[in-house]
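Structure below is protein29.pdb: PDB, C-alpha atoms, pLDDT in the B column.
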```pdb
ATOM      1  CA  MET A   1     -46.049 -14.258  53.023  1.00 49.00           C
ATOM      2  CA  ARG A   2     -49.010 -14.833  50.716  1.00 48.00           C
ATOM      3  CA  SER A   3     -49.517 -11.087  50.252  1.00 47.00           C
ATOM      4  CA  ILE A   4     -45.854 -10.616  49.289  1.00 45.00           C
ATOM      5  CA  ILE A   5     -46.175 -13.282  46.580  1.00 41.00           C
ATOM      6  CA  VAL A   6     -49.352 -11.664  45.232  1.00 37.00           C
ATOM      7  CA  ILE A   7     -47.650  -8.261  45.140  1.00 41.00           C
ATOM      8  CA  LEU A   8     -44.601  -9.690  43.337  1.00 37.00           C
ATOM      9  CA  LEU A   9     -46.724 -11.495  40.735  1.00 39.00           C
ATOM     10  CA  SER A  10     -48.833  -8.378  40.163  1.00 41.00           C
ATOM     11  CA  SER A  11     -45.684  -6.314  39.674  1.00 39.00           C
ATOM     12  CA  VAL A  12     -44.368  -8.724  37.052  1.00 40.00           C
ATOM     13  CA  VAL A  13     -47.661  -8.681  35.129  1.00 40.00           C
ATOM     14  CA  PHE A  14     -47.912  -4.880  35.116  1.00 39.00           C
ATOM     15  CA  ALA A  15     -44.238  -4.504  34.178  1.00 42.00           C
ATOM     16  CA  ALA A  16     -44.733  -6.812  31.184  1.00 45.00           C
ATOM     17  CA  CYS A  17     -47.671  -4.809  29.810  1.00 46.00           C
ATOM     18  CA  SER A  18     -46.775  -2.235  27.197  1.00 62.00           C
ATOM     19  CA  ASN A  19     -48.138  -0.288  24.288  1.00 76.00           C
ATOM     20  CA  CYS A  20     -46.648  -1.315  20.971  1.00 76.00           C
ATOM     21  CA  ASN A  21     -46.499   1.408  18.340  1.00 78.00           C
ATOM     22  CA  THR A  22     -44.701   0.820  15.059  1.00 79.00           C
ATOM     23  CA  ARG A  23     -44.530   3.165  12.065  1.00 83.00           C
ATOM     24  CA  ALA A  24     -43.328   2.390   8.554  1.00 87.00           C
ATOM     25  CA  TYR A  25     -42.788   4.875   5.743  1.00 91.00           C
ATOM     26  CA  GLY A  26     -40.883   5.164   2.502  1.00 91.00           C
ATOM     27  CA  TYR A  27     -41.223   5.256  -1.271  1.00 94.00           C
ATOM     28  CA  ILE A  28     -42.367   2.762  -3.883  1.00 94.00           C
ATOM     29  CA  THR A  29     -40.622   2.965  -7.252  1.00 96.00           C
ATOM     30  CA  ASP A  30     -40.350   0.960 -10.445  1.00 96.00           C
ATOM     31  CA  ASP A  31     -37.369  -1.404 -10.384  1.00 94.00           C
ATOM     32  CA  ASN A  32     -36.390  -0.575 -13.969  1.00 95.00           C
ATOM     33  CA  SER A  33     -37.123   3.149 -14.349  1.00 95.00           C
ATOM     34  CA  ASN A  34     -36.723   4.273 -10.706  1.00 94.00           C
ATOM     35  CA  LYS A  35     -39.891   6.366 -11.151  1.00 96.00           C
ATOM     36  CA  ALA A  36     -42.570   6.575  -8.482  1.00 96.00           C
ATOM     37  CA  ILE A  37     -45.498   4.192  -8.856  1.00 95.00           C
ATOM     38  CA  ASP A  38     -48.952   5.486  -7.945  1.00 90.00           C
ATOM     39  CA  SER A  39     -52.024   3.485  -6.848  1.00 91.00           C
ATOM     40  CA  VAL A  40     -49.964   0.958  -4.910  1.00 96.00           C
ATOM     41  CA  LYS A  41     -51.980  -0.722  -2.150  1.00 96.00           C
ATOM     42  CA  ILE A  42     -50.270  -1.422   1.161  1.00 93.00           C
ATOM     43  CA  ARG A  43     -51.974  -3.756   3.628  1.00 91.00           C
ATOM     44  CA  SER A  44     -50.218  -3.566   6.988  1.00 87.00           C
ATOM     45  CA  TYR A  45     -50.836  -5.377  10.236  1.00 84.00           C
ATOM     46  CA  GLY A  46     -49.210  -6.501  13.434  1.00 80.00           C
ATOM     47  CA  ALA A  47     -48.409 -10.225  13.429  1.00 75.00           C
ATOM     48  CA  LEU A  48     -47.680 -12.337  16.474  1.00 74.00           C
ATOM     49  CA  ALA A  49     -48.048 -16.098  16.878  1.00 70.00           C
ATOM     50  CA  GLY A  50     -50.218 -16.432  13.770  1.00 70.00           C
ATOM     51  CA  LYS A  51     -52.651 -13.709  14.839  1.00 72.00           C
ATOM     52  CA  ILE A  52     -53.281 -10.433  13.017  1.00 70.00           C
ATOM     53  CA  LYS A  53     -53.809  -7.202  14.950  1.00 73.00           C
ATOM     54  CA  ASP A  54     -54.727  -3.669  13.866  1.00 74.00           C
ATOM     55  CA  GLU A  55     -54.985  -4.311  10.126  1.00 82.00           C
ATOM     56  CA  ARG A  56     -55.151  -1.252   7.849  1.00 87.00           C
ATOM     57  CA  VAL A  57     -54.884  -0.380   4.150  1.00 94.00           C
ATOM     58  CA  VAL A  58     -53.177   2.712   2.727  1.00 94.00           C
ATOM     59  CA  TYR A  59     -52.268   3.802  -0.807  1.00 96.00           C
ATOM     60  CA  VAL A  60     -49.121   5.594  -1.937  1.00 95.00           C
ATOM     61  CA  ASP A  61     -49.427   9.185  -3.091  1.00 95.00           C
ATOM     62  CA  SER A  62     -48.484  10.499  -6.561  1.00 93.00           C
ATOM     63  CA  ASN A  63     -44.834  10.764  -5.453  1.00 95.00           C
ATOM     64  CA  GLY A  64     -44.754   7.092  -4.430  1.00 95.00           C
ATOM     65  CA  TYR A  65     -44.672   7.971  -0.714  1.00 95.00           C
ATOM     66  CA  PHE A  66     -46.462   5.875   1.889  1.00 93.00           C
ATOM     67  CA  GLU A  67     -46.865   5.895   5.634  1.00 92.00           C
ATOM     68  CA  THR A  68     -48.582   3.340   7.842  1.00 88.00           C
ATOM     69  CA  TYR A  69     -48.490   2.177  11.417  1.00 80.00           C
ATOM     70  CA  PHE A  70     -50.078  -0.095  13.937  1.00 76.00           C
ATOM     71  CA  SER A  71     -50.806   0.231  17.607  1.00 74.00           C
ATOM     72  CA  SER A  72     -51.450  -2.583  20.010  1.00 69.00           C
ATOM     73  CA  LYS A  73     -51.686  -3.139  23.715  1.00 70.00           C
ATOM     74  CA  SER A  74     -49.594  -6.163  24.438  1.00 60.00           C
ATOM     75  CA  THR A  75     -48.261  -8.255  27.227  1.00 57.00           C
ATOM     76  CA  ALA A  76     -44.609  -9.213  27.112  1.00 64.00           C
ATOM     77  CA  LYS A  77     -43.992  -9.175  23.343  1.00 73.00           C
ATOM     78  CA  CYS A  78     -44.963  -6.689  20.635  1.00 76.00           C
ATOM     79  CA  PRO A  79     -46.236  -7.909  17.255  1.00 77.00           C
ATOM     80  CA  VAL A  80     -44.102  -7.405  14.134  1.00 80.00           C
ATOM     81  CA  LEU A  81     -45.392  -4.940  11.531  1.00 83.00           C
ATOM     82  CA  LYS A  82     -45.816  -6.779   8.227  1.00 85.00           C
ATOM     83  CA  MET A  83     -46.775  -5.278   4.888  1.00 89.00           C
ATOM     84  CA  GLU A  84     -48.227  -6.702   1.680  1.00 92.00           C
ATOM     85  CA  ILE A  85     -47.600  -4.339  -1.227  1.00 94.00           C
ATOM     86  CA  THR A  86     -49.585  -4.867  -4.438  1.00 96.00           C
ATOM     87  CA  ARG A  87     -50.411  -3.140  -7.709  1.00 96.00           C
ATOM     88  CA  ASP A  88     -51.795  -4.463 -10.982  1.00 95.00           C
ATOM     89  CA  GLY A  89     -49.007  -5.165 -13.454  1.00 96.00           C
ATOM     90  CA  TYR A  90     -46.326  -5.618 -10.771  1.00 97.00           C
ATOM     91  CA  TYR A  91     -45.115  -8.551  -8.729  1.00 96.00           C
ATOM     92  CA  PRO A  92     -46.330  -8.265  -5.118  1.00 95.00           C
ATOM     93  CA  VAL A  93     -43.886  -7.509  -2.326  1.00 89.00           C
ATOM     94  CA  VAL A  94     -44.300  -8.941   1.167  1.00 86.00           C
ATOM     95  CA  THR A  95     -42.115  -7.598   3.941  1.00 79.00           C
ATOM     96  CA  ALA A  96     -41.235  -9.427   7.108  1.00 64.00           C
ATOM     97  CA  GLU A  97     -41.006  -6.165   9.008  1.00 72.00           C
ATOM     98  CA  GLY A  98     -42.063  -2.597   8.456  1.00 65.00           C
ATOM     99  CA  LEU A  99     -39.529  -0.278   6.872  1.00 70.00           C
ATOM    100  CA  THR A 100     -38.471   3.163   7.965  1.00 74.00           C
ATOM    101  CA  GLY A 101     -37.496   5.561   5.225  1.00 78.00           C
ATOM    102  CA  ASP A 102     -36.484   2.914   2.687  1.00 83.00           C
ATOM    103  CA  THR A 103     -37.333   2.727  -0.993  1.00 90.00           C
ATOM    104  CA  ILE A 104     -39.129  -0.412  -2.139  1.00 90.00           C
ATOM    105  CA  TYR A 105     -38.577  -1.388  -5.758  1.00 93.00           C
ATOM    106  CA  MET A 106     -41.400  -3.212  -7.538  1.00 95.00           C
ATOM    107  CA  LYS A 107     -40.709  -5.310 -10.608  1.00 96.00           C
ATOM    108  CA  LYS A 108     -43.090  -5.045 -13.569  1.00 95.00           C
ATOM    109  CA  ILE A 109     -44.661  -8.261 -14.839  1.00 95.00           C
ATOM    110  CA  GLN A 110     -43.535  -8.849 -18.420  1.00 89.00           C
ATOM    111  CA  PRO A 111     -46.116 -10.426 -20.745  1.00 82.00           C
TER     112      PRO A 111
END
```
What's the C-alpha coordinates form of this structure?
Amino acid sequence: MRSIIVILLSSVVFAACSNCNTRAYGYITDDNSNKAIDSVKIRSYGALAGKIKDERVVYVDSNGYFETYFSSKSTAKCPVLKMEITRDGYYPVVTAEGLTGDTIYMKKIQP
(Lines of atoms letter the chains of each structure in order from A and count residues from 1; the text may use other names and numbers.)
(Lines give C-alpha, C1' and ligand atoms only; values in the text may rest on other atoms or scores of the structure.)
Protein backbone atom coordinates (compact mmCIF):
# COMPACT_ATOMS: atom_id res chain seq x y z
CA MET A 1 0.00 0.00 0.00
CA ARG A 2 2.79 2.40 0.91
CA SER A 3 4.51 1.85 -2.44
CA ILE A 4 1.29 2.62 -4.33
CA ILE A 5 0.95 5.95 -2.49
CA VAL A 6 4.58 6.84 -3.26
CA ILE A 7 4.07 6.00 -6.93
CA LEU A 8 0.88 8.09 -7.11
CA LEU A 9 2.51 11.10 -5.43
CA SER A 10 5.55 10.84 -7.71
CA SER A 11 3.28 10.72 -10.75
CA VAL A 12 1.47 13.88 -9.67
CA VAL A 13 4.75 15.76 -9.11
CA PHE A 14 6.21 14.75 -12.49
CA ALA A 15 2.94 15.52 -14.28
CA ALA A 16 2.90 19.03 -12.79
CA CYS A 17 6.43 19.84 -13.99
CA SER A 18 6.62 21.66 -17.29
CA ASN A 19 8.77 23.95 -19.35
CA CYS A 20 7.30 27.41 -19.76
CA ASN A 21 8.24 29.21 -22.96
CA THR A 22 6.62 32.51 -23.86
CA ARG A 23 7.45 34.77 -26.81
CA ALA A 24 6.35 38.35 -27.41
CA TYR A 25 6.87 40.38 -30.56
CA GLY A 26 5.42 43.41 -32.29
CA TYR A 27 6.08 47.02 -33.22
CA ILE A 28 6.56 50.22 -31.25
CA THR A 29 5.25 53.39 -32.87
CA ASP A 30 4.61 57.00 -31.96
CA ASP A 31 1.03 57.55 -30.79
CA ASN A 32 0.66 60.77 -32.78
CA SER A 33 2.58 60.15 -36.02
CA ASN A 34 2.27 56.33 -36.24
CA LYS A 35 5.97 56.23 -37.20
CA ALA A 36 8.35 53.63 -35.82
CA ILE A 37 10.38 54.65 -32.78
CA ASP A 38 13.98 53.46 -32.58
CA SER A 39 16.14 52.97 -29.47
CA VAL A 40 13.23 51.76 -27.36
CA LYS A 41 14.37 49.58 -24.46
CA ILE A 42 12.27 46.56 -23.54
CA ARG A 43 12.93 44.82 -20.22
CA SER A 44 11.06 41.52 -20.12
CA TYR A 45 10.80 38.88 -17.44
CA GLY A 46 8.65 36.09 -16.14
CA ALA A 47 6.70 37.08 -13.02
CA LEU A 48 5.09 34.71 -10.56
CA ALA A 49 4.19 35.33 -6.92
CA GLY A 50 6.38 38.44 -6.70
CA LYS A 51 9.47 36.70 -8.09
CA ILE A 52 11.26 37.58 -11.32
CA LYS A 53 12.64 34.86 -13.59
CA ASP A 54 14.73 34.96 -16.77
CA GLU A 55 15.07 38.74 -17.06
CA ARG A 56 16.39 40.12 -20.36
CA VAL A 57 16.72 43.44 -22.19
CA VAL A 58 16.22 43.97 -25.93
CA TYR A 59 15.99 47.07 -28.13
CA VAL A 60 13.69 47.65 -31.08
CA ASP A 61 15.23 47.80 -34.54
CA SER A 62 15.04 50.78 -36.93
CA ASN A 63 11.59 49.61 -38.10
CA GLY A 64 10.25 49.61 -34.53
CA TYR A 65 10.16 45.79 -34.40
CA PHE A 66 10.96 43.86 -31.24
CA GLU A 67 11.05 40.25 -30.17
CA THR A 68 11.67 38.83 -26.71
CA TYR A 69 10.92 35.69 -24.77
CA PHE A 70 11.49 33.89 -21.54
CA SER A 71 11.99 30.28 -20.65
CA SER A 72 11.50 28.72 -17.27
CA LYS A 73 11.24 25.30 -15.73
CA SER A 74 8.24 25.40 -13.50
CA THR A 75 6.09 23.26 -11.32
CA ALA A 76 2.34 23.59 -11.69
CA LYS A 77 2.07 27.21 -12.90
CA CYS A 78 4.01 29.16 -15.53
CA PRO A 79 5.09 32.75 -14.86
CA VAL A 80 3.49 35.61 -16.83
CA LEU A 81 5.70 37.46 -19.31
CA LYS A 82 5.78 41.14 -18.34
CA MET A 83 7.43 43.97 -20.24
CA GLU A 84 8.60 47.45 -19.29
CA ILE A 85 9.00 49.61 -22.39
CA THR A 86 10.96 52.87 -22.07
CA ARG A 87 12.56 55.56 -24.20
CA ASP A 88 13.70 59.08 -23.38
CA GLY A 89 11.05 61.63 -24.30
CA TYR A 90 8.16 59.14 -24.09
CA TYR A 91 5.91 57.95 -21.31
CA PRO A 92 6.85 54.40 -20.24
CA VAL A 93 4.57 51.49 -21.02
CA VAL A 94 4.22 48.51 -18.69
CA THR A 95 2.37 45.46 -19.92
CA ALA A 96 0.69 42.89 -17.74
CA GLU A 97 1.37 40.18 -20.29
CA GLY A 98 3.56 39.77 -23.32
CA LEU A 99 2.05 40.65 -26.67
CA THR A 100 2.07 38.66 -29.87
CA GLY A 101 2.14 40.65 -33.07
CA ASP A 102 0.53 43.79 -31.65
CA THR A 103 1.57 47.40 -32.15
CA ILE A 104 2.35 49.36 -28.99
CA TYR A 105 1.80 53.10 -29.22
CA MET A 106 4.02 55.33 -27.08
CA LYS A 107 2.94 58.85 -26.19
CA LYS A 108 5.51 61.65 -26.40
CA ILE A 109 6.06 63.75 -23.29
CA GLN A 110 5.10 67.35 -24.04
CA PRO A 111 7.21 70.03 -22.35
Resolved residues for the PyMOL selection byres ((chain A and resi 51-60) around 9) as number ranges by chain: A: 27-28, 37-50, 61-72, 79
Residues picked by the PyMOL selection byres ((chain A and resi 104-110) around 8) here, as a PyMOL selection string? chain A and resi 26-32+34+89-93+102-103+111
Rounded to one decimal in Å, what is the spacing between CA of Thr95 in chain A and CA of Cys78 in chain A?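 Taking CA of Thr95 in chain A and CA of Cys78 in chain A, their separation equals 17.0 Å.
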Tell me, in Å to one decimal, how far CA of Thr22 in chain A is from CA of Asp88 in chain A.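 Those two atoms sit 27.5 Å apart.
Between CA of Asn21 in chain A and CA of Lys73 in chain A there is a distance of 8.7 Å.
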